[in-house]
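Asker: Got a structure for you, written out below as structure tokens; questions coming shortly.
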Amino acid sequence: MRVIRHAAGLHESAFDTKATKNTGGAIGPLSIPALVNLVYLVVDRAMAHHPLDTHPLRSLCTLTGARSRRASSWDRRGGNHDFITVGAGETAVLLEHDGPGCITHIYCGMVFPELTDYRDAILRCYWDGEATPSVEVPLGDFFALPHARIRLVRSALTAVNPGFGGSHGLNAYFPMPFAHHARITLEHRGERTLGGVFPALWYHIEYESYDDALPPDALRFHAQWRQEKPTVAIGPHPNVQLHDGVNLDGAENYVALEAAGAGQMVGLLLQINNVAGGWYGEGDDMVFIDGEAWPPSIHGTGTEEIFGGGACPSQEYAGPYSGFHLIESPDYAGLVGAYRWFVGDPIRFTRSLRWTVEHGHANNFANEYASVAYWYQCEPHAPFPTLPERDALRPPLPASYDEARGAYLSAVMEALRTAPAQALQRVGAVSELFYAGRFEEVRQRLRGT
């Protein structure tokens with residue numbers, strides 16, 4: 001009793017058991033219900049977490065029992081060939097691990113790749129012996145690289161960092177837990193070895209292994225590619241920004257995700273090829289949760305709002321949780337890419353989730369849409385749509401691409417052969433233009449030299 005008094009911070013008089021009055025079950029000045037409440041208070045205090053338990057960086061300064069590991073492309077012979085080669089039509093196993101664990105970081109890098117390598121290589125992740133992957137996305141798109149065009153991004157969950165010239169480091173920081181087995185593969189569907197002029201891939205996969213089983217509430221990570229090329233313009237006002245059409249069911253919206261089970265959506269990469277021209281973004285997002293009918297639980301007010309932009313963004317931006325990181329033209333024509341990480345506001349569901357967005361107001365624009373949805377859920381997951389064949393998956397490439405590619409690759413090979421500092425610097429500057437998709441400028445720059 002003295003311990004309880006001390007833990008609850010009560011005075012001795014609150015437990016005067018010598019009191020002679022007993023009315024209706026009272027013990028001294030405390031009734032039995034009050035004593036029960038006091039016991040609950042003491043238990044709550046005893047179980048209270050230390051302030052350090054809620055520190056945002058707690059895992060850096062406390063023991064977890066986890067062991068850190070890495071699967072990488074290091075040279076097993078002890079040399080400096082710390083890369084792998086993935087030939088045309090080949091599939092490389094990047095990681096295979098037995099036992100419980102969690103992937104914490106994935107890195108990939110190439111030196112002078114083909115621009116199309118970012119779409120021709122397909123990343124797949126399999127958890128716990130499943131027959132079909134939980135992740136199936138083109139390599140560049142998994143890291144939020146839009147339309148195989150390089151844009152430097154430093155966001156909360158992905159980063160694209162610069163190297164020399166055509167080399168960039170692709171990083172992803174999604175935690176990916178698994179109960180007893182993890183397998184990650186990379187299939188290359190290109191016509192030449194992955195990596196272009198320097199046919200090589202460097203990679204790191206950081207992960208933790210555990211002695212104990214995963215907690216029962218640990219969800220599995222998923223990422224899925226979808227595309228619709230082109231969308232179908234609905235109604236009598238095709239490709240017009242403002243009109244009086246209505247959409248009261250969302251049935252013709254572009255669908256980025258249809259998940260079955262319980263979980264939460266944590267990210268979206270949306271890519272549009274605005275072949276119709278003009279402002280395309282009057283389309284609202286509509287998110288249907290747990291099989292609900294119209295209206296959906298989440299209904300937006302325009303495409304740019306999804307990604308945190310002001311009205312009709314015409315300048316590229318990239319932030320921790322959202323960005324319009326590709327805007328090919330200030331008049332909105334051509335390629336667009338945007339991402340949104342639902343870190344502070346995951347979209348939670350208990351039975352199903354259908355994430356959709358209009359292509360133009362009331363779906364009146366005929367454009368090309370593609371996306372990657374990122375989410376966690378209990379297994380099993382719903383079957384994925386069949387991944388398109390290589391040609392259908394390739395990024396949009398203008399008429400100037402072939403000439404620019406030929407001139408650029410010739411310049412790279414010549415610079416690597418002779419290796420004068422001046423030539424390498426010139427190729428480095430042209431590389432930035434080429435991988436950003438500024439092919440006409442590449443042609444002009446190389447013609448003038």
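Residue names in the structure tokens use chain letters A, B, ... in the order shown, residue numbers from 1 in each chain, and ligand numbers from 1 in the order shown.
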Just list as an MDAnalysis selection string whatever in stretch 23-154 of chain A DSSP marks as alpha helix (DSSP H).

Answerer: chainID A and resid 32:47 58:61 117:120 139:142

Asker: Report as a VMD selection string all protein, DNA and RNA residues lying within 12 Å of A:Gly309, evaluated on only C-alpha atoms, omitting residues in the same chain fewer than 2 positions from it.

Answerer: chain A and resid 281 301 to 307 311 to 319 321 to 325 338 to 340

Asker: With C-alpha atoms retained, write the just-selected residues as a compact mmCIF listing (two decimals), in the first residue's frame.

Answerer:
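Just written: out34.txt:
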# COMPACT_ATOMS: atom_id res chain seq x y z
CA GLY A 281 -5.08 19.48 -64.93
CA THR A 301 -10.33 19.88 -56.59
CA GLY A 302 -7.75 19.56 -59.38
CA THR A 303 -4.62 17.67 -60.38
CA GLU A 304 -2.09 20.23 -59.16
CA GLU A 305 -3.55 20.21 -55.64
CA ILE A 306 -2.67 16.52 -55.28
CA PHE A 307 1.00 17.46 -55.56
CA ALA A 311 -2.77 26.84 -59.87
CA CYS A 312 -1.45 25.46 -63.16
CA PRO A 313 2.27 25.02 -62.29
CA SER A 314 4.63 26.08 -65.07
CA GLN A 315 7.90 25.74 -63.11
CA GLU A 316 9.42 22.52 -61.83
CA TYR A 317 9.76 22.00 -58.10
CA ALA A 318 10.63 19.10 -55.78
CA GLY A 319 10.02 18.98 -52.04
CA TYR A 321 6.66 15.12 -49.77
CA SER A 322 5.47 16.44 -53.12
CA GLY A 323 6.72 17.83 -56.39
CA PHE A 324 6.04 18.68 -60.02
CA HIS A 325 9.56 17.67 -60.97
CA ALA A 338 4.69 14.67 -60.33
CA TYR A 339 5.02 12.76 -57.07
CA ARG A 340 3.25 12.71 -53.70

Asker: If we count only C-alpha atoms, what is near A:Ile122 at a cut-off of 10 Å, once residues fewer than 6 positions away on the same chain are taken out, given as a PDB file with N, CA and C atoms, in the first residue's frame?

Answerer:
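Contents of the output file part_2.pdb:
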ATOM      1  N   THR A  91      17.965 -11.844 -66.420  1.00  0.00           N
ATOM      2  CA  THR A  91      17.441 -11.406 -65.126  1.00  0.00           C
ATOM      3  C   THR A  91      18.504 -11.659 -64.069  1.00  0.00           C
ATOM      4  N   VAL A 135       6.280  -6.045 -55.892  1.00  0.00           N
ATOM      5  CA  VAL A 135       6.789  -4.862 -56.592  1.00  0.00           C
ATOM      6  C   VAL A 135       7.106  -5.281 -58.010  1.00  0.00           C
ATOM      7  N   GLU A 136       6.565  -4.543 -58.983  1.00  0.00           N
ATOM      8  CA  GLU A 136       6.869  -4.778 -60.401  1.00  0.00           C
ATOM      9  C   GLU A 136       6.778  -3.441 -61.125  1.00  0.00           C
ATOM     10  N   VAL A 137       7.942  -2.799 -61.292  1.00  0.00           N
ATOM     11  CA  VAL A 137       7.979  -1.426 -61.793  1.00  0.00           C
ATOM     12  C   VAL A 137       9.247  -1.245 -62.622  1.00  0.00           C
ATOM     13  N   PRO A 138       9.198  -0.504 -63.725  1.00  0.00           N
ATOM     14  CA  PRO A 138      10.440  -0.151 -64.429  1.00  0.00           C
ATOM     15  C   PRO A 138      11.422   0.527 -63.481  1.00  0.00           C
ATOM     16  N   LEU A 139      12.708   0.280 -63.700  1.00  0.00           N
ATOM     17  CA  LEU A 139      13.733   0.695 -62.755  1.00  0.00           C
ATOM     18  C   LEU A 139      13.683   2.188 -62.441  1.00  0.00           C
ATOM     19  N   GLY A 140      13.721   3.030 -63.464  1.00  0.00           N
ATOM     20  CA  GLY A 140      13.727   4.469 -63.213  1.00  0.00           C
ATOM     21  C   GLY A 140      12.465   4.947 -62.534  1.00  0.00           C
ATOM     22  N   ASP A 141      11.334   4.431 -62.946  1.00  0.00           N
ATOM     23  CA  ASP A 141      10.056   4.874 -62.394  1.00  0.00           C
ATOM     24  C   ASP A 141       9.924   4.502 -60.921  1.00  0.00           C
ATOM     25  N   PHE A 142      10.510   3.371 -60.521  1.00  0.00           N
ATOM     26  CA  PHE A 142      10.457   3.003 -59.106  1.00  0.00           C
ATOM     27  C   PHE A 142      11.056   4.107 -58.244  1.00  0.00           C
ATOM     28  N   THR A 185      14.836  -9.000 -57.905  1.00  0.00           N
ATOM     29  CA  THR A 185      15.433  -9.283 -59.204  1.00  0.00           C
ATOM     30  C   THR A 185      15.346  -8.066 -60.109  1.00  0.00           C
ATOM     31  N   LEU A 186      16.187  -8.077 -61.142  1.00  0.00           N
ATOM     32  CA  LEU A 186      16.161  -7.031 -62.165  1.00  0.00           C
ATOM     33  C   LEU A 186      16.221  -7.704 -63.526  1.00  0.00           C
ATOM     34  N   GLU A 187      15.143  -7.586 -64.268  1.00  0.00           N
ATOM     35  CA  GLU A 187      15.073  -8.120 -65.636  1.00  0.00           C
ATOM     36  C   GLU A 187      15.405  -7.001 -66.621  1.00  0.00           C
ATOM     37  N   HIS A 188      16.251  -7.309 -67.613  1.00  0.00           N
ATOM     38  CA  HIS A 188      16.572  -6.306 -68.633  1.00  0.00           C
ATOM     39  C   HIS A 188      15.968  -6.739 -69.961  1.00  0.00           C
ATOM     40  N   ARG A 189      15.052  -5.905 -70.471  1.00  0.00           N
ATOM     41  CA  ARG A 189      14.347  -6.232 -71.711  1.00  0.00           C
ATOM     42  C   ARG A 189      14.899  -5.466 -72.907  1.00  0.00           C
ATOM     43  N   LEU A 387       2.119  -6.496 -67.048  1.00  0.00           N
ATOM     44  CA  LEU A 387       3.034  -5.429 -67.451  1.00  0.00           C
ATOM     45  C   LEU A 387       3.092  -5.359 -68.975  1.00  0.00           C
TER      46      LEU A 387
END

Asker: Identify which of the residues A:Gly277, A:Pro175, A:Gly79, A:Gly195 lies closest to A:Leu157, counting only C-alpha atoms when measuring atom-to-atom distances.

Answerer: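 Between A:Gly277, A:Pro175, A:Gly79, A:Gly195, the residue approaching A:Leu157 most closely is A:Pro175.
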
Asker: Just checking: using only C-alpha atoms, which residue out of A:Thr116, A:Gln227, A:Ser410, A:Ser400 ends up closest to A:Ala373?

Answerer: A:Gln227

Asker: Would you mind telling me which residue in A:Val255, A:Leu270, A:Leu60, A:Ala399 lies nearest to A:Thr231 when using only C-alpha atoms?

Answerer: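 Selected residue with least distance to A:Thr231: A:Val255.
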
Asker: Rounded to one decimal place, report the atom CA of A:Ala121-atom CA of A:Gly166 distance in Å.

Answerer: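 Spanning atom CA of A:Ala121 to atom CA of A:Gly166 is a straight-line distance of 17.2 Å.
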
Asker: Go through A:Ile327, A:Leu424, A:Val287, A:Arg70 one by one, measure the shortest atom-to-atom distance of each to A:Ala436 using only C-alpha atoms, and give the residue with the smallest value.

Answerer: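 Counting only C-alpha atoms, the residue closest to A:Ala436 is A:Ile327.
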